[in-house]
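Asks: Handing over coords-v7.txt, compact mmCIF, C-alpha atoms.
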```txt
# COMPACT_ATOMS: atom_id res chain seq x y z
CA MET G 137 -156.74 7.03 -57.81
CA ASN G 138 -157.30 10.54 -59.11
CA PRO G 139 -157.10 13.30 -56.50
CA PRO G 140 -160.02 15.73 -56.81
CA ARG G 141 -159.57 18.79 -58.99
CA PHE G 142 -161.23 21.71 -57.26
CA GLY G 143 -163.08 24.67 -58.71
CA TYR G 144 -165.23 27.46 -57.35
CA GLY G 145 -168.62 28.54 -58.67
CA THR G 146 -169.04 32.03 -60.10
CA ASN G 147 -172.55 32.11 -58.61
CA GLY G 148 -170.72 32.62 -55.32
CA LEU G 149 -168.71 35.50 -56.77
CA ALA G 150 -171.60 37.47 -58.24
CA ASP G 151 -170.23 40.84 -57.08
CA LEU G 152 -166.99 40.40 -59.03
CA ARG G 153 -166.45 41.00 -62.73
CA LEU G 154 -165.87 37.69 -64.46
CA ASP G 155 -162.28 38.57 -65.36
CA ASP G 156 -161.56 39.47 -61.73
CA ALA G 157 -163.24 36.30 -60.47
CA LEU G 158 -161.17 34.09 -62.79
CA ALA G 159 -157.94 35.84 -61.81
CA LEU G 160 -158.79 35.42 -58.13
CA LEU G 161 -159.40 31.68 -58.49
CA ALA G 162 -156.18 31.18 -60.44
CA ASP G 163 -154.21 33.14 -57.84
CA LEU G 164 -155.70 31.02 -55.05
CA GLY G 165 -154.64 27.80 -56.78
CA TYR G 166 -157.96 26.40 -58.01
CA ASP G 167 -157.91 23.97 -60.92
CA GLY G 168 -161.01 25.40 -62.54
CA VAL G 169 -164.28 27.26 -62.31
CA GLY G 170 -167.98 26.45 -62.37
CA LEU G 171 -169.19 29.18 -64.74
CA THR G 172 -172.86 30.04 -64.29
CA LEU G 173 -174.22 31.75 -67.39
CA ASP G 174 -175.89 34.87 -66.00
CA HIS G 175 -176.34 38.57 -66.69
CA MET G 176 -173.13 39.49 -64.83
CA HIS G 177 -170.97 36.59 -66.06
CA LEU G 178 -171.10 35.68 -69.76
CA ASP G 179 -174.75 36.60 -70.32
CA PRO G 180 -176.15 33.86 -72.58
CA LEU G 181 -178.87 36.11 -74.01
CA ALA G 182 -176.89 39.27 -74.79
CA PRO G 183 -175.60 39.98 -78.32
CA GLY G 184 -172.21 38.72 -79.41
CA LEU G 185 -172.19 35.54 -77.32
CA ALA G 186 -169.77 33.70 -79.61
CA GLY G 187 -167.20 36.49 -79.53
CA ARG G 188 -167.51 36.96 -75.78
CA THR G 189 -167.13 33.22 -75.31
CA ARG G 190 -163.91 33.22 -77.34
CA ARG G 191 -162.51 35.94 -75.10
CA VAL G 192 -163.37 33.94 -71.99
CA ALA G 193 -161.78 30.84 -73.53
CA ARG G 194 -158.54 32.75 -74.07
CA ARG G 195 -158.64 34.07 -70.53
CA LEU G 196 -159.20 30.60 -69.07
CA ALA G 197 -156.34 29.19 -71.12
CA GLY G 198 -154.04 32.01 -70.05
CA LEU G 199 -154.83 31.37 -66.40
CA GLY G 200 -154.63 27.57 -66.69
CA LEU G 201 -158.21 27.06 -65.50
CA ASP G 202 -160.58 24.31 -66.60
CA VAL G 203 -164.29 25.08 -66.71
CA ALA G 204 -167.70 23.48 -66.31
CA VAL G 205 -170.75 25.39 -67.57
CA GLU G 206 -173.59 25.72 -65.06
CA THR G 207 -177.13 26.89 -65.85
CA GLY G 208 -178.59 27.59 -62.41
CA ALA G 209 -178.92 31.38 -62.72
CA ARG G 210 -181.99 32.40 -60.75
CA TYR G 211 -183.60 35.03 -62.99
CA VAL G 212 -181.78 34.82 -66.31
CA LEU G 213 -184.99 33.96 -68.22
CA ASP G 214 -187.70 35.54 -66.07
CA PRO G 215 -187.21 38.55 -63.76
CA ARG G 216 -190.13 37.47 -61.57
CA ARG G 217 -189.86 33.68 -61.26
CA LYS G 218 -186.79 32.04 -59.77
CA HIS G 219 -185.48 29.42 -62.18
CA GLY G 220 -188.46 29.98 -64.44
CA PRO G 221 -189.53 28.90 -66.91
CA SER G 222 -188.37 25.32 -66.37
CA LEU G 223 -188.29 22.20 -68.49
CA LEU G 224 -191.55 21.21 -66.79
CA ASP G 225 -193.56 24.33 -67.63
CA PRO G 226 -197.03 23.43 -69.01
CA ASP G 227 -196.64 26.15 -71.66
CA PRO G 228 -194.68 24.73 -74.62
CA GLU G 229 -193.32 28.17 -75.56
CA ALA G 230 -192.05 28.68 -72.01
CA ARG G 231 -190.37 25.27 -72.01
CA ALA G 232 -188.78 26.12 -75.34
CA ARG G 233 -187.06 29.14 -73.76
CA ARG G 234 -185.36 26.87 -71.20
CA VAL G 235 -184.41 24.40 -73.93
CA ASP G 236 -182.91 27.28 -75.93
CA LEU G 237 -180.86 28.34 -72.90
CA LEU G 238 -179.48 24.82 -72.55
CA LEU G 239 -178.66 24.64 -76.25
CA ARG G 240 -176.79 27.92 -75.91
CA ALA G 241 -174.98 26.48 -72.89
CA VAL G 242 -173.91 23.44 -74.91
CA ARG G 243 -172.47 25.69 -77.63
CA VAL G 244 -170.66 27.80 -75.04
CA ALA G 245 -169.31 24.66 -73.37
CA ALA G 246 -168.03 23.31 -76.68
CA ASP G 247 -166.30 26.60 -77.45
CA LEU G 248 -164.73 26.72 -73.98
CA GLY G 249 -163.67 23.07 -73.99
CA ALA G 250 -165.76 22.58 -70.84
CA THR G 251 -165.89 19.35 -68.89
CA ALA G 252 -169.72 19.32 -68.71
CA VAL G 253 -172.95 21.30 -68.94
CA HIS G 254 -174.98 21.26 -65.74
CA CYS G 255 -178.78 21.48 -65.63
CA PHE G 256 -181.77 20.58 -63.43
CA SER G 257 -185.41 19.56 -63.88
CA GLY G 258 -187.42 22.25 -62.12
CA ILE G 259 -190.35 22.10 -59.72
CA VAL G 260 -193.54 20.21 -60.63
CA PRO G 261 -196.13 22.83 -61.67
CA PRO G 262 -198.96 23.22 -59.13
CA THR G 263 -201.51 22.64 -61.90
CA ASP G 264 -200.23 19.09 -62.49
CA THR G 265 -202.32 16.38 -60.83
CA GLY G 266 -199.40 13.94 -60.63
CA PRO G 267 -195.76 13.51 -61.64
CA ALA G 268 -196.27 11.58 -64.89
CA PRO G 269 -196.92 14.60 -67.17
CA ALA G 270 -193.90 16.39 -65.69
CA TRP G 271 -191.64 13.41 -66.38
CA ASP G 272 -192.92 13.28 -69.97
CA ARG G 273 -192.20 16.99 -70.44
CA LEU G 274 -188.74 16.62 -68.93
CA ALA G 275 -187.80 13.73 -71.20
CA ALA G 276 -189.13 15.47 -74.30
CA SER G 277 -187.41 18.75 -73.43
CA LEU G 278 -184.03 17.16 -72.79
CA SER G 279 -183.98 15.07 -75.97
CA PRO G 280 -182.80 17.86 -78.33
CA VAL G 281 -180.31 19.07 -75.72
CA LEU G 282 -178.85 15.59 -75.40
CA ASP G 283 -178.57 15.33 -79.18
CA ALA G 284 -176.69 18.64 -79.26
CA ALA G 285 -174.47 17.61 -76.36
CA GLU G 286 -173.56 14.33 -78.03
CA SER G 287 -172.73 16.13 -81.28
CA ALA G 288 -170.60 18.65 -79.38
CA GLY G 289 -168.83 15.99 -77.33
CA VAL G 290 -169.88 17.62 -74.05
CA PRO G 291 -171.80 15.60 -71.43
CA LEU G 292 -175.08 16.98 -70.08
CA ALA G 293 -174.96 16.52 -66.30
CA VAL G 294 -178.39 16.64 -64.66
CA GLU G 295 -178.45 17.62 -60.99
CA PRO G 296 -180.86 16.12 -58.45
CA GLU G 297 -182.16 19.19 -56.63
CA PRO G 298 -184.19 19.11 -53.38
CA GLY G 299 -187.78 20.12 -54.05
CA HIS G 300 -187.55 19.48 -57.79
CA LEU G 301 -189.14 16.68 -59.79
CA LEU G 302 -185.71 15.11 -60.14
CA ALA G 303 -184.57 15.35 -56.53
CA THR G 304 -182.63 12.15 -55.81
CA LEU G 305 -180.26 9.65 -57.36
CA ALA G 306 -183.22 7.30 -57.78
CA ASP G 307 -184.98 10.02 -59.79
CA PHE G 308 -181.92 10.39 -62.02
CA HIS G 309 -182.05 6.69 -62.82
CA HIS G 310 -185.77 6.99 -63.58
CA LEU G 311 -184.97 9.70 -66.14
CA ARG G 312 -182.13 7.62 -67.56
CA ARG G 313 -184.52 4.73 -68.15
CA LEU G 314 -187.18 7.01 -69.67
CA LEU G 315 -184.65 8.32 -72.18
CA GLY G 316 -183.15 4.92 -72.99
CA ASP G 317 -179.80 5.58 -71.28
CA PRO G 318 -178.38 8.01 -73.86
CA PRO G 319 -174.58 8.26 -73.83
CA ALA G 320 -174.56 12.06 -73.40
CA LEU G 321 -176.65 11.93 -70.20
CA GLY G 322 -174.60 12.20 -67.03
CA LEU G 323 -175.03 13.25 -63.43
CA THR G 324 -174.17 16.34 -61.43
CA LEU G 325 -173.73 15.12 -57.86
CA ASP G 326 -174.04 17.79 -55.18
CA ILE G 327 -172.42 16.43 -52.01
CA GLY G 328 -174.49 18.69 -49.77
CA HIS G 329 -177.71 17.43 -51.34
CA CYS G 330 -176.64 13.88 -50.49
CA GLN G 331 -176.36 14.91 -46.84
CA CYS G 332 -179.68 16.73 -47.05
CA LEU G 333 -181.96 14.01 -48.36
CA GLU G 334 -180.37 10.84 -49.74
CA PRO G 335 -180.81 7.62 -47.71
CA LEU G 336 -177.10 6.79 -48.11
CA PRO G 337 -174.23 8.76 -46.53
CA PRO G 338 -172.48 11.12 -48.97
CA ALA G 339 -169.44 8.86 -49.48
CA ASP G 340 -171.72 5.95 -50.38
CA CYS G 341 -173.64 8.23 -52.76
CA VAL G 342 -170.36 8.98 -54.55
CA ARG G 343 -169.62 5.28 -54.95
CA ALA G 344 -173.17 4.53 -56.13
CA ALA G 345 -173.10 7.38 -58.65
CA ALA G 346 -169.59 6.72 -59.97
CA PRO G 347 -170.49 5.34 -63.44
CA TRP G 348 -172.55 8.44 -64.27
CA LEU G 349 -170.51 11.20 -62.61
CA ARG G 350 -169.82 14.08 -64.99
CA HIS G 351 -169.83 17.05 -62.60
CA VAL G 352 -169.56 17.44 -58.81
CA GLN G 353 -170.58 20.31 -56.56
CA ILE G 354 -169.50 20.49 -52.93
CA GLU G 355 -170.34 22.45 -49.80
CA ASP G 356 -171.39 21.69 -46.23
CA MET G 357 -175.01 20.97 -45.30
CA ARG G 358 -177.22 19.58 -42.56
CA ARG G 359 -179.64 16.69 -42.74
CA GLY G 360 -183.08 17.78 -43.89
CA VAL G 361 -182.14 21.43 -44.48
CA HIS G 362 -181.38 22.60 -48.02
CA ASP G 363 -178.96 25.39 -47.15
CA HIS G 364 -175.52 25.58 -48.78
CA LEU G 365 -173.06 26.23 -45.95
CA PRO G 366 -169.36 27.08 -45.78
CA PHE G 367 -167.16 24.15 -44.81
CA GLY G 368 -167.25 23.36 -41.11
CA GLU G 369 -170.73 24.81 -40.56
CA GLY G 370 -172.64 21.65 -41.46
CA GLU G 371 -172.53 17.95 -40.67
CA ILE G 372 -170.56 16.37 -43.52
CA ASP G 373 -167.43 14.31 -42.82
CA PHE G 374 -165.40 15.25 -45.89
CA PRO G 375 -162.34 12.93 -45.85
CA PRO G 376 -164.42 9.80 -46.67
CA VAL G 377 -166.29 11.71 -49.39
CA LEU G 378 -163.12 12.92 -51.09
CA ALA G 379 -161.46 9.52 -50.74
CA ALA G 380 -164.47 7.91 -52.40
CA LEU G 381 -164.38 10.51 -55.16
CA ALA G 382 -160.68 9.87 -55.82
CA ALA G 383 -161.30 6.12 -55.95
CA THR G 384 -163.97 6.45 -58.67
CA GLY G 385 -161.50 7.73 -61.25
CA TYR G 386 -163.63 10.85 -61.81
CA ARG G 387 -161.57 13.42 -63.74
CA GLY G 388 -163.93 16.40 -63.84
CA LEU G 389 -164.09 19.39 -61.53
CA THR G 390 -165.37 19.37 -57.96
CA VAL G 391 -166.82 22.86 -57.62
CA VAL G 392 -167.52 24.72 -54.37
CA GLU G 393 -171.17 25.80 -54.48
CA LEU G 394 -171.98 28.75 -52.20
CA PRO G 395 -174.52 30.79 -54.19
CA ARG G 396 -175.80 32.73 -51.17
CA HIS G 397 -172.38 33.91 -50.02
CA SER G 398 -171.31 36.33 -52.75
CA HIS G 399 -171.17 39.13 -50.19
CA ALA G 400 -168.06 37.40 -48.84
CA GLY G 401 -167.13 35.47 -51.97
CA PRO G 402 -163.38 36.18 -52.03
CA HIS G 403 -163.11 35.17 -48.36
CA HIS G 404 -164.92 31.87 -48.88
CA ALA G 405 -162.94 31.14 -52.03
CA ALA G 406 -159.73 31.71 -50.07
CA THR G 407 -160.73 29.48 -47.14
CA SER G 408 -162.49 26.68 -49.03
CA LEU G 409 -159.53 25.37 -51.01
CA PRO G 410 -157.20 24.85 -48.00
CA PHE G 411 -160.06 23.09 -46.18
CA LEU G 412 -160.63 20.71 -49.08
CA ARG G 413 -156.92 20.03 -49.53
CA ARG G 414 -156.57 19.17 -45.84
CA ALA G 415 -159.61 16.90 -46.05
CA THR G 416 -158.15 15.20 -49.12
CA THR G 417 -154.90 14.31 -47.34
CA ARG G 418 -156.52 13.14 -44.11
CA THR G 419 -157.09 9.39 -43.82
CA PRO G 420 -160.78 8.62 -43.28
CA ALA G 421 -161.49 7.07 -39.89
CA ALA G 422 -162.06 3.33 -40.01
CA PRO G 423 -165.64 2.31 -39.19
CA VAL G 424 -166.18 1.03 -35.66
CA PRO G 425 -167.14 -2.67 -35.73
CA GLU G 426 -170.74 -3.28 -34.71
CA GLY G 427 -171.04 -4.15 -31.05
CA SER G 428 -167.65 -2.76 -30.07
CA THR G 429 -167.08 -0.01 -27.54
CA PRO G 430 -165.48 3.13 -28.97
```
Is it possible to express this structure as C-alpha cells?

Replies:
Amino acid sequence: MNPPRFGYGTNGLADLRLDDALALLADLGYDGVGLTLDHMHLDPLAPGLAGRTRRVARRLAGLGLDVAVETGARYVLDPRRKHGPSLLDPDPEARARRVDLLLRAVRVAADLGATAVHCFSGIVPPTDTGPAPAWDRLAASLSPVLDAAESAGVPLAVEPEPGHLLATLADFHHLRRLLGDPPALGLTLDIGHCQCLEPLPPADCVRAAAPWLRHVQIEDMRRGVHDHLPFGEGEIDFPPVLAALAATGYRGLTVVELPRHSHAGPHHAATSLPFLRRATTRTPAAPVPEGSTP
C-alpha cells in the first residue's frame, strides 16, 4: 500500500509567479506540483529554456517538491484556437508544432527529473468523415515523442479527455494496440473524467487502469458534465477512490486539477490538501449486499 502523494496544478495558480506558486505549495505541505508549460510558467517557446529549466529544477529541489510536466496550456501554440493545433490537425506542419511542443516537454521533464509528461489527443477535425484518419494521425504523431520519452526515461502519460478522440479508457487501449504497446506509453487518469463519462465508478476505473497509471489528476465532478469542481461540490465519493489508488502501488503524483479557479487559486490549494488527507484516512463504506435493507 502506497498512500497517495498529492500535488497541485499550476494551471490553477495562473495568477501567481511560478516561484511564488511553488513556495506556496511547499508551505502548504504538498508533495509535488503538476507544472503546465505555459507563457506565465516556464514558457516552452521562449529563449533560454534549458537555463530556465535548470533554475526551476534547483528551486524544486530546494523546496522538496516532485514534479510532473503537463502540456494542457490553452493557447500556448495558437492565440486563437484553444489547444490548437493538435496531434490530429489535418495540416502536417500544424501537427508538427504540437509534436515539437511535446518533444520540448520531454526534454524539460528529463532535466527536472519529472515523474511523467502528460498529453492528450485533441478533438477530431470537423473535416474528417470518420475517426480512422484521426487515429492514424495520432499514432504517427506520438511515435517520435514516445521514442524520445523512452530515451529520456520519462513516461508519456496520455489523458482521456471528454470530447476528444481519445476520451475513455477504452480509447486509450485502442491507441496502445495501434502503437504495439510501447513501454514508454502510459496513462494519465483524471478521476473527475471517470465520474463524468466512464461506465465504471471512479474507484473501479483506478483498479482497471492500474497497470498503465503514470499520472493522476483529481477534482470533483458530476455525471455527464465536464466541469472541474472544488472538492465537495460534485458527486464523487473520494475515500474508495484513494483507497483503490493506494492499493495499486502507484508512486507518482496525484495532482489537483482546477484550471478554471485561478482567481481563488491559493484558497483552493489551501483547502484541497486537508480534504484529500481526510478522505485518505477515512475507511470506505462497505457495499450494501444486494437485496438488503439499508

Asks: Pick out the residues sitting within 10 Å of Asp167 of chain G, and hand them over as number ranges by chain; count only C-alpha atoms, and ignore anything fewer than 4 positions along from it in its own chain.

Replies: G: 140-144, 161-162, 199-203, 389-391

Asks: Given the choices G:Ala380, G:Val352, G:Val244, G:Leu282, which gets closest to Asp317 of chain G if the distance is worked out from all atoms listed in the file?

Replies: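 Of the candidates, the smallest distance to Asp317 of chain G is held by G:Leu282.
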
Asks: Which one of G:Ala275, G:Ala204, G:Ile327, G:Ala288 sits closest to Arg313 of chain G if you count all atoms listed in the file?

Replies: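 Closest to Arg313 of chain G of all the choices is G:Ala275.
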
Asks: Please produce, as a Markdown table, a per-residue contact table for segment 300-329 of chain G versus segment 364-370 of chain G (criterion: any atom at most 12 Å away, only C-alpha atoms considered), showing the nearest atom pair and its distance in Å to one decimal, sorted by chain then residue number.

Replies:
```
| residue | atom | partner | partner_atom | distance |
| --- | --- | --- | --- | --- |
| G:Asp326 | CA | G:His364 | CA | 10.2 |
| G:Ile327 | CA | G:His364 | CA | 10.2 |
| G:Gly328 | CA | G:His364 | CA | 7.0 |
| G:His329 | CA | G:His364 | CA | 8.8 |
```

Asks: Take the selection from the previous step and output its residues with C-alpha atoms, as a compact mmCIF listing (two decimals), keeping the file's coordinate frame.

Replies:
```
# COMPACT_ATOMS: atom_id res chain seq x y z
CA ASP G 326 -174.04 17.79 -55.18
CA ILE G 327 -172.42 16.43 -52.01
CA GLY G 328 -174.49 18.69 -49.77
CA HIS G 329 -177.71 17.43 -51.34
```

Asks: Return the single residue from G:Ala345, G:Cys330, G:Leu213, G:Leu314 that is closest to Leu237 of chain G, with distances computed using all atoms listed in the file.

Replies: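 Once distances to Leu237 of chain G are computed over all atoms listed in the file, the minimum belongs to G:Leu213.
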
Asks: Counting only C-alpha atoms, which residues come within 12 Å of (-170.7, 22.9, -69.8), with the point read in the file's coordinates, and could you list them as a PDB file with C-alpha atoms, in the coordinates of the input?

Replies:
```pdb
ATOM      1  CA  VAL G 169    -164.280  27.260 -62.310  1.00  0.00           C
ATOM      2  CA  GLY G 170    -167.980  26.450 -62.370  1.00  0.00           C
ATOM      3  CA  LEU G 171    -169.190  29.180 -64.740  1.00  0.00           C
ATOM      4  CA  THR G 172    -172.860  30.040 -64.290  1.00  0.00           C
ATOM      5  CA  LEU G 173    -174.220  31.750 -67.390  1.00  0.00           C
ATOM      6  CA  ASP G 202    -160.580  24.310 -66.600  1.00  0.00           C
ATOM      7  CA  VAL G 203    -164.290  25.080 -66.710  1.00  0.00           C
ATOM      8  CA  ALA G 204    -167.700  23.480 -66.310  1.00  0.00           C
ATOM      9  CA  VAL G 205    -170.750  25.390 -67.570  1.00  0.00           C
ATOM     10  CA  GLU G 206    -173.590  25.720 -65.060  1.00  0.00           C
ATOM     11  CA  THR G 207    -177.130  26.890 -65.850  1.00  0.00           C
ATOM     12  CA  GLY G 208    -178.590  27.590 -62.410  1.00  0.00           C
ATOM     13  CA  LEU G 237    -180.860  28.340 -72.900  1.00  0.00           C
ATOM     14  CA  LEU G 238    -179.480  24.820 -72.550  1.00  0.00           C
ATOM     15  CA  LEU G 239    -178.660  24.640 -76.250  1.00  0.00           C
ATOM     16  CA  ARG G 240    -176.790  27.920 -75.910  1.00  0.00           C
ATOM     17  CA  ALA G 241    -174.980  26.480 -72.890  1.00  0.00           C
ATOM     18  CA  VAL G 242    -173.910  23.440 -74.910  1.00  0.00           C
ATOM     19  CA  ARG G 243    -172.470  25.690 -77.630  1.00  0.00           C
ATOM     20  CA  VAL G 244    -170.660  27.800 -75.040  1.00  0.00           C
ATOM     21  CA  ALA G 245    -169.310  24.660 -73.370  1.00  0.00           C
ATOM     22  CA  ALA G 246    -168.030  23.310 -76.680  1.00  0.00           C
ATOM     23  CA  ASP G 247    -166.300  26.600 -77.450  1.00  0.00           C
ATOM     24  CA  LEU G 248    -164.730  26.720 -73.980  1.00  0.00           C
ATOM     25  CA  GLY G 249    -163.670  23.070 -73.990  1.00  0.00           C
ATOM     26  CA  ALA G 250    -165.760  22.580 -70.840  1.00  0.00           C
ATOM     27  CA  THR G 251    -165.890  19.350 -68.890  1.00  0.00           C
ATOM     28  CA  ALA G 252    -169.720  19.320 -68.710  1.00  0.00           C
ATOM     29  CA  VAL G 253    -172.950  21.300 -68.940  1.00  0.00           C
ATOM     30  CA  HIS G 254    -174.980  21.260 -65.740  1.00  0.00           C
ATOM     31  CA  CYS G 255    -178.780  21.480 -65.630  1.00  0.00           C
ATOM     32  CA  VAL G 281    -180.310  19.070 -75.720  1.00  0.00           C
ATOM     33  CA  ALA G 284    -176.690  18.640 -79.260  1.00  0.00           C
ATOM     34  CA  ALA G 285    -174.470  17.610 -76.360  1.00  0.00           C
ATOM     35  CA  ALA G 288    -170.600  18.650 -79.380  1.00  0.00           C
ATOM     36  CA  GLY G 289    -168.830  15.990 -77.330  1.00  0.00           C
ATOM     37  CA  VAL G 290    -169.880  17.620 -74.050  1.00  0.00           C
ATOM     38  CA  PRO G 291    -171.800  15.600 -71.430  1.00  0.00           C
ATOM     39  CA  LEU G 292    -175.080  16.980 -70.080  1.00  0.00           C
ATOM     40  CA  ALA G 293    -174.960  16.520 -66.300  1.00  0.00           C
ATOM     41  CA  VAL G 294    -178.390  16.640 -64.660  1.00  0.00           C
ATOM     42  CA  GLY G 322    -174.600  12.200 -67.030  1.00  0.00           C
ATOM     43  CA  THR G 324    -174.170  16.340 -61.430  1.00  0.00           C
ATOM     44  CA  ARG G 350    -169.820  14.080 -64.990  1.00  0.00           C
ATOM     45  CA  HIS G 351    -169.830  17.050 -62.600  1.00  0.00           C
ATOM     46  CA  GLY G 388    -163.930  16.400 -63.840  1.00  0.00           C
ATOM     47  CA  LEU G 389    -164.090  19.390 -61.530  1.00  0.00           C
TER      48      LEU G 389
END
```

Asks: Set the distance at 9 Å and use all atoms listed in the file: which residues neighbour Ser408 of chain G once local chain neighbours fewer than 3 positions away are removed? I'd like the list as a PyMOL selection string.

Replies: chain G and resi 144+355+366-367+392+403-405+411-413

Asks: The selected residues should be written to file as a PDB file, keeping the file's coordinate frame (atoms: C-alpha atoms).

Replies:
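As a result, again_1.pdb now contains:
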```pdb
ATOM      1  CA  TYR G 144    -165.230  27.460 -57.350  1.00  0.00           C
ATOM      2  CA  GLU G 355    -170.340  22.450 -49.800  1.00  0.00           C
ATOM      3  CA  PRO G 366    -169.360  27.080 -45.780  1.00  0.00           C
ATOM      4  CA  PHE G 367    -167.160  24.150 -44.810  1.00  0.00           C
ATOM      5  CA  VAL G 392    -167.520  24.720 -54.370  1.00  0.00           C
ATOM      6  CA  HIS G 403    -163.110  35.170 -48.360  1.00  0.00           C
ATOM      7  CA  HIS G 404    -164.920  31.870 -48.880  1.00  0.00           C
ATOM      8  CA  ALA G 405    -162.940  31.140 -52.030  1.00  0.00           C
ATOM      9  CA  PHE G 411    -160.060  23.090 -46.180  1.00  0.00           C
ATOM     10  CA  LEU G 412    -160.630  20.710 -49.080  1.00  0.00           C
ATOM     11  CA  ARG G 413    -156.920  20.030 -49.530  1.00  0.00           C
TER      12      ARG G 413
END
```

Asks: With all atoms listed in the file as the atoms that count, which of G:Leu185, G:Met357, G:Leu196, G:Asn138 lies nearest to Leu158 of chain G?

Replies: G:Leu196

Asks: Mind pulling up the distance from atom CA of Asp151 of chain G to atom CA of Ala193 of chain G?

Replies: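 Taking atom CA of Ala193 of chain G as the start and atom CA of Asp151 of chain G as the end point, the length is 21.0 Å.
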
Asks: May I ask which of the residues G:Val377, G:Leu336, G:Val260, G:Ala197 is the closest one to Gln353 of chain G, counting only C-alpha atoms?

Replies: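 Answer, going by the shortest atom-to-atom distance: G:Val377.
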
Asks: What does the distance from atom CA of Met137 of chain G to atom CA of Glu297 of chain G come to in Å, to one decimal?

Replies: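 Spanning atom CA of Met137 of chain G to atom CA of Glu297 of chain G is a straight-line distance of 28.2 Å.
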
Asks: Quick one: residues within 8 Å of Arg188 of chain G, all atoms listed in the file counted, chain neighbours fewer than 4 positions away excluded, as a PyMOL selection string?

Replies: chain G and resi 178+184+192

Asks: Would you export the selected residues with C-alpha atoms as a PDB file, in the frame of the given file, please?

Replies:
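result07.pdb, written as the output of this step:
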```
ATOM      1  CA  LEU G 178    -171.100  35.680 -69.760  1.00  0.00           C
ATOM      2  CA  GLY G 184    -172.210  38.720 -79.410  1.00  0.00           C
ATOM      3  CA  VAL G 192    -163.370  33.940 -71.990  1.00  0.00           C
TER       4      VAL G 192
END
```

Asks: Extending 3 Å beyond the listed atoms of segment 266-279 of chain G on each side, what axis-aligned box results? I want centre and edge lengths in Å to one decimal, as AutoDock Vina command-line options.

Replies:
```
--center_x -191.7 --center_y 15.2 --center_z -68.3 --size_x 21.4 --size_y 13.2 --size_z 21.3
```

Asks: What is the distance, in Å and to one decimal place, between atom CA of Val235 of chain G and atom CA of Leu152 of chain G?

Replies: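 Distance reported for this atom pair: 28.0 Å.
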
Asks: Give the answer as one residue: which of G:Gly198, G:Pro139, G:Pro338, G:Thr146 has the shortest atom-to-atom distance to His397 of chain G, using only C-alpha atoms?

Replies: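 Between G:Gly198, G:Pro139, G:Pro338, G:Thr146, the residue approaching His397 of chain G most closely is G:Thr146.
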
Asks: Please supply segment 182-197 of chain G, rebuilt with N, CA and C atoms, as a PDB file, keeping the file's coordinate frame.

Replies:
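Final output, result_11.pdb:
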```pdb
ATOM      1  N   ALA G 182    -177.346  37.998 -74.238  1.00  0.00           N
ATOM      2  CA  ALA G 182    -176.890  39.270 -74.790  1.00  0.00           C
ATOM      3  C   ALA G 182    -176.244  39.060 -76.162  1.00  0.00           C
ATOM      4  N   PRO G 183    -176.217  40.113 -76.992  1.00  0.00           N
ATOM      5  CA  PRO G 183    -175.600  39.980 -78.320  1.00  0.00           C
ATOM      6  C   PRO G 183    -174.117  39.622 -78.228  1.00  0.00           C
ATOM      7  N   GLY G 184    -173.642  39.003 -79.294  1.00  0.00           N
ATOM      8  CA  GLY G 184    -172.210  38.720 -79.410  1.00  0.00           C
ATOM      9  C   GLY G 184    -171.717  37.604 -78.516  1.00  0.00           C
ATOM     10  N   LEU G 185    -172.572  36.608 -78.250  1.00  0.00           N
ATOM     11  CA  LEU G 185    -172.190  35.540 -77.320  1.00  0.00           C
ATOM     12  C   LEU G 185    -170.953  34.787 -77.813  1.00  0.00           C
ATOM     13  N   ALA G 186    -170.901  34.487 -79.099  1.00  0.00           N
ATOM     14  CA  ALA G 186    -169.770  33.700 -79.610  1.00  0.00           C
ATOM     15  C   ALA G 186    -168.449  34.432 -79.408  1.00  0.00           C
ATOM     16  N   GLY G 187    -168.429  35.729 -79.708  1.00  0.00           N
ATOM     17  CA  GLY G 187    -167.200  36.490 -79.530  1.00  0.00           C
ATOM     18  C   GLY G 187    -166.814  36.624 -78.071  1.00  0.00           C
ATOM     19  N   ARG G 188    -167.806  36.853 -77.209  1.00  0.00           N
ATOM     20  CA  ARG G 188    -167.510  36.960 -75.780  1.00  0.00           C
ATOM     21  C   ARG G 188    -167.016  35.633 -75.232  1.00  0.00           C
ATOM     22  N   THR G 189    -167.575  34.540 -75.749  1.00  0.00           N
ATOM     23  CA  THR G 189    -167.130  33.220 -75.310  1.00  0.00           C
ATOM     24  C   THR G 189    -165.678  32.971 -75.709  1.00  0.00           C
ATOM     25  N   ARG G 190    -165.315  33.392 -76.905  1.00  0.00           N
ATOM     26  CA  ARG G 190    -163.910  33.220 -77.340  1.00  0.00           C
ATOM     27  C   ARG G 190    -162.961  33.985 -76.426  1.00  0.00           C
ATOM     28  N   ARG G 191    -163.365  35.171 -76.005  1.00  0.00           N
ATOM     29  CA  ARG G 191    -162.510  35.940 -75.100  1.00  0.00           C
ATOM     30  C   ARG G 191    -162.352  35.240 -73.757  1.00  0.00           C
ATOM     31  N   VAL G 192    -163.450  34.669 -73.258  1.00  0.00           N
ATOM     32  CA  VAL G 192    -163.370  33.940 -71.990  1.00  0.00           C
ATOM     33  C   VAL G 192    -162.491  32.701 -72.154  1.00  0.00           C
ATOM     34  N   ALA G 193    -162.610  32.023 -73.292  1.00  0.00           N
ATOM     35  CA  ALA G 193    -161.780  30.840 -73.530  1.00  0.00           C
ATOM     36  C   ALA G 193    -160.296  31.208 -73.493  1.00  0.00           C
ATOM     37  N   ARG G 194    -159.949  32.329 -74.102  1.00  0.00           N
ATOM     38  CA  ARG G 194    -158.540  32.750 -74.070  1.00  0.00           C
ATOM     39  C   ARG G 194    -158.105  33.089 -72.653  1.00  0.00           C
ATOM     40  N   ARG G 195    -158.979  33.715 -71.902  1.00  0.00           N
ATOM     41  CA  ARG G 195    -158.640  34.070 -70.530  1.00  0.00           C
ATOM     42  C   ARG G 195    -158.445  32.820 -69.673  1.00  0.00           C
ATOM     43  N   LEU G 196    -159.333  31.851 -69.817  1.00  0.00           N
ATOM     44  CA  LEU G 196    -159.200  30.600 -69.070  1.00  0.00           C
ATOM     45  C   LEU G 196    -157.890  29.903 -69.416  1.00  0.00           C
ATOM     46  N   ALA G 197    -157.581  29.848 -70.700  1.00  0.00           N
ATOM     47  CA  ALA G 197    -156.340  29.190 -71.120  1.00  0.00           C
ATOM     48  C   ALA G 197    -155.123  29.920 -70.560  1.00  0.00           C
TER      49      ALA G 197
END
```
